[in-house]
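Working notes, structure below.
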Amino acid sequence: MAGCHKSKKGELGARSLRSLRRSVRLAKIKEASVSEQSEILRLKKEAKVLMKFTAAEEEPQPSAGKKRKKKVIKRTVPMTLIEHMILNPHNPLRGFREERLAIYSPEVREFYFNGKALADKIREYQRALIKQFRKKGYADDYSEVEVTDNEDN
């Protein structure tokens, strides 16, 4: 009987060790998911800044008495869109050499560099979605929206 107690203790120890390992793996997965979400949201915000959206153009003025809060919406990216991103990476300035910028005015050069920075952010965003797709088999896209008290459902 003494041997029986040792094996039960060993089983309990192994079970608790397995459950501990499982909980650590789940915590890592949740942490990775949160970091992917924050990375995608960061890339979208930076792209909006580069597109020069201002708060006045983007959203109406808040009404008095209504509280606004931000809400994150998660959407699954369709497989066809991911395949399109893989086959056709975003590169609108393909074929234009930077050496040719010297003959153009400073305004044209500034326009080019702003466009290039925006294209780089969009490409980085697409890479993040592709990386997520290759890791999980699907990709989630996250968007932040502001919700007033009466719109919150």
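Chain labels follow the order of the structure tokens: the first chain is A, the next B, and so on; residue numbering restarts at 1 in every chain, and ligands are counted from 1 in their shown order.
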What's the 7 Å shell around region 81-92 of chain A, counting only C-alpha atoms, without same-chain residues fewer than 5 positions away, as a ChimeraX atom specification?
-> /A:119,122-123,126,130
Near Arg97 (chain A), counting only C-alpha atoms, which residues have an atom at most 12 Å away, once you skip same-chain residues fewer than 5 positions from it, shown as a CSV table (one decimal) with C-alpha atoms, in the first residue's frame?
chain,number,residue,atom,x,y,z
A,102,ALA,CA,17.0,66.2,-57.4
A,103,ILE,CA,15.5,67.7,-60.6
A,109,ARG,CA,10.3,65.8,-52.8
A,112,TYR,CA,7.3,61.8,-52.3
A,116,LYS,CA,6.9,56.7,-49.1
Applying 10 Å and only C-alpha atoms, which residues near Asn114 (chain A) remain after dropping the ones on its own chain fewer than 6 positions away? List them as a compact mmCIF listing (two decimals) with N, CA and C atoms, in the first residue's frame.
# COMPACT_ATOMS: atom_id res chain seq x y z
N LEU A 50 0.12 59.93 -40.67
CA LEU A 50 0.80 60.23 -41.93
C LEU A 50 -0.17 60.71 -43.00
N MET A 51 -1.40 60.26 -42.94
CA MET A 51 -2.39 60.72 -43.90
C MET A 51 -2.93 62.09 -43.52
N VAL A 108 7.60 68.67 -54.32
CA VAL A 108 7.46 67.34 -54.91
C VAL A 108 8.25 66.33 -54.08
N ASP A 120 5.35 52.67 -46.46
CA ASP A 120 6.12 51.80 -45.55
C ASP A 120 5.27 51.36 -44.36
For Gly115 (chain A), which residue among A:Arg68, A:Gln132, A:Ala47, A:Val147 is the nearest when counting only C-alpha atoms?
-> A:Ala47
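For the pair CA of Ala128 (chain A) and CA of Glu36 (chain A), the separation is 7.8 Å.
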Alpha helix (DSSP H) residues, from DSSP on the backbone, in region 36-133 of chain A, as an NGL selection string = :A and (36-50 or 55-58 or 79-87 or 106-133)
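Take CA of Leu118 (chain A) and CA of Lys48 (chain A): the distance between them is 8.8 Å.
Going from CA of Val49 (chain A) over to CA of Lys70 (chain A), you cover 17.9 Å.
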Spatial neighbours of Glu144 (chain A), 7 Å, only C-alpha atoms, chain gap at least 4 places, as a PyMOL selection string = chain A and resi 70-73
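Excluding Ile40 (chain A) and any residue on its chain fewer than 4 positions from it, the residues at most 9 Å away by only C-alpha atoms are Ser35, Glu36, Lys44, Lys45, Tyr125, Ala128, Leu129, Asp141, Tyr142 and Ser143 of chain A.
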Since we have the selection now, will you write its residues out, keeping N, CA and C atoms, as an mmCIF file, in the first residue's frame?
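Final file, selection.cif:
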data_model
loop_
_atom_site.group_PDB
_atom_site.id
_atom_site.type_symbol
_atom_site.label_atom_id
_atom_site.label_comp_id
_atom_site.auth_asym_id
_atom_site.auth_seq_id
_atom_site.Cartn_x
_atom_site.Cartn_y
_atom_site.Cartn_z
ATOM 1 N N SER A 35 -0.163 41.657 -27.602
ATOM 2 C CA SER A 35 0.903 42.405 -28.272
ATOM 3 C C SER A 35 0.613 42.556 -29.763
ATOM 4 N N GLU A 36 0.030 41.528 -30.398
ATOM 5 C CA GLU A 36 -0.347 41.634 -31.813
ATOM 6 C C GLU A 36 -1.417 42.709 -31.982
ATOM 7 N N LYS A 44 -1.915 51.300 -37.381
ATOM 8 C CA LYS A 44 -3.037 52.037 -37.975
ATOM 9 C C LYS A 44 -3.018 53.506 -37.553
ATOM 10 N N LYS A 45 -2.718 53.761 -36.263
ATOM 11 C CA LYS A 45 -2.672 55.147 -35.791
ATOM 12 C C LYS A 45 -1.567 55.922 -36.495
ATOM 13 N N TYR A 125 2.084 47.128 -41.690
ATOM 14 C CA TYR A 125 0.788 46.647 -41.205
ATOM 15 C C TYR A 125 0.419 45.328 -41.894
ATOM 16 N N ALA A 128 2.466 42.501 -40.530
ATOM 17 C CA ALA A 128 1.988 42.061 -39.215
ATOM 18 C C ALA A 128 0.803 41.110 -39.371
ATOM 19 N N LEU A 129 -0.106 41.423 -40.298
ATOM 20 C CA LEU A 129 -1.249 40.532 -40.539
ATOM 21 C C LEU A 129 -0.796 39.201 -41.133
ATOM 22 N N ASP A 141 -7.901 41.575 -37.367
ATOM 23 C CA ASP A 141 -7.616 42.991 -37.526
ATOM 24 C C ASP A 141 -8.361 43.722 -36.414
ATOM 25 N N TYR A 142 -7.728 44.707 -35.824
ATOM 26 C CA TYR A 142 -8.320 45.441 -34.713
ATOM 27 C C TYR A 142 -8.490 46.894 -35.100
ATOM 28 N N SER A 143 -9.617 47.478 -34.694
ATOM 29 C CA SER A 143 -9.888 48.886 -34.945
ATOM 30 C C SER A 143 -10.404 49.516 -33.667
#
For each of A:Glu107, A:Glu46, A:Asp140, A:Glu39, take the minimum atom-to-atom distance to Lys121 (chain A), counting only C-alpha atoms, then give the residue where this is smallest.
-> A:Glu46
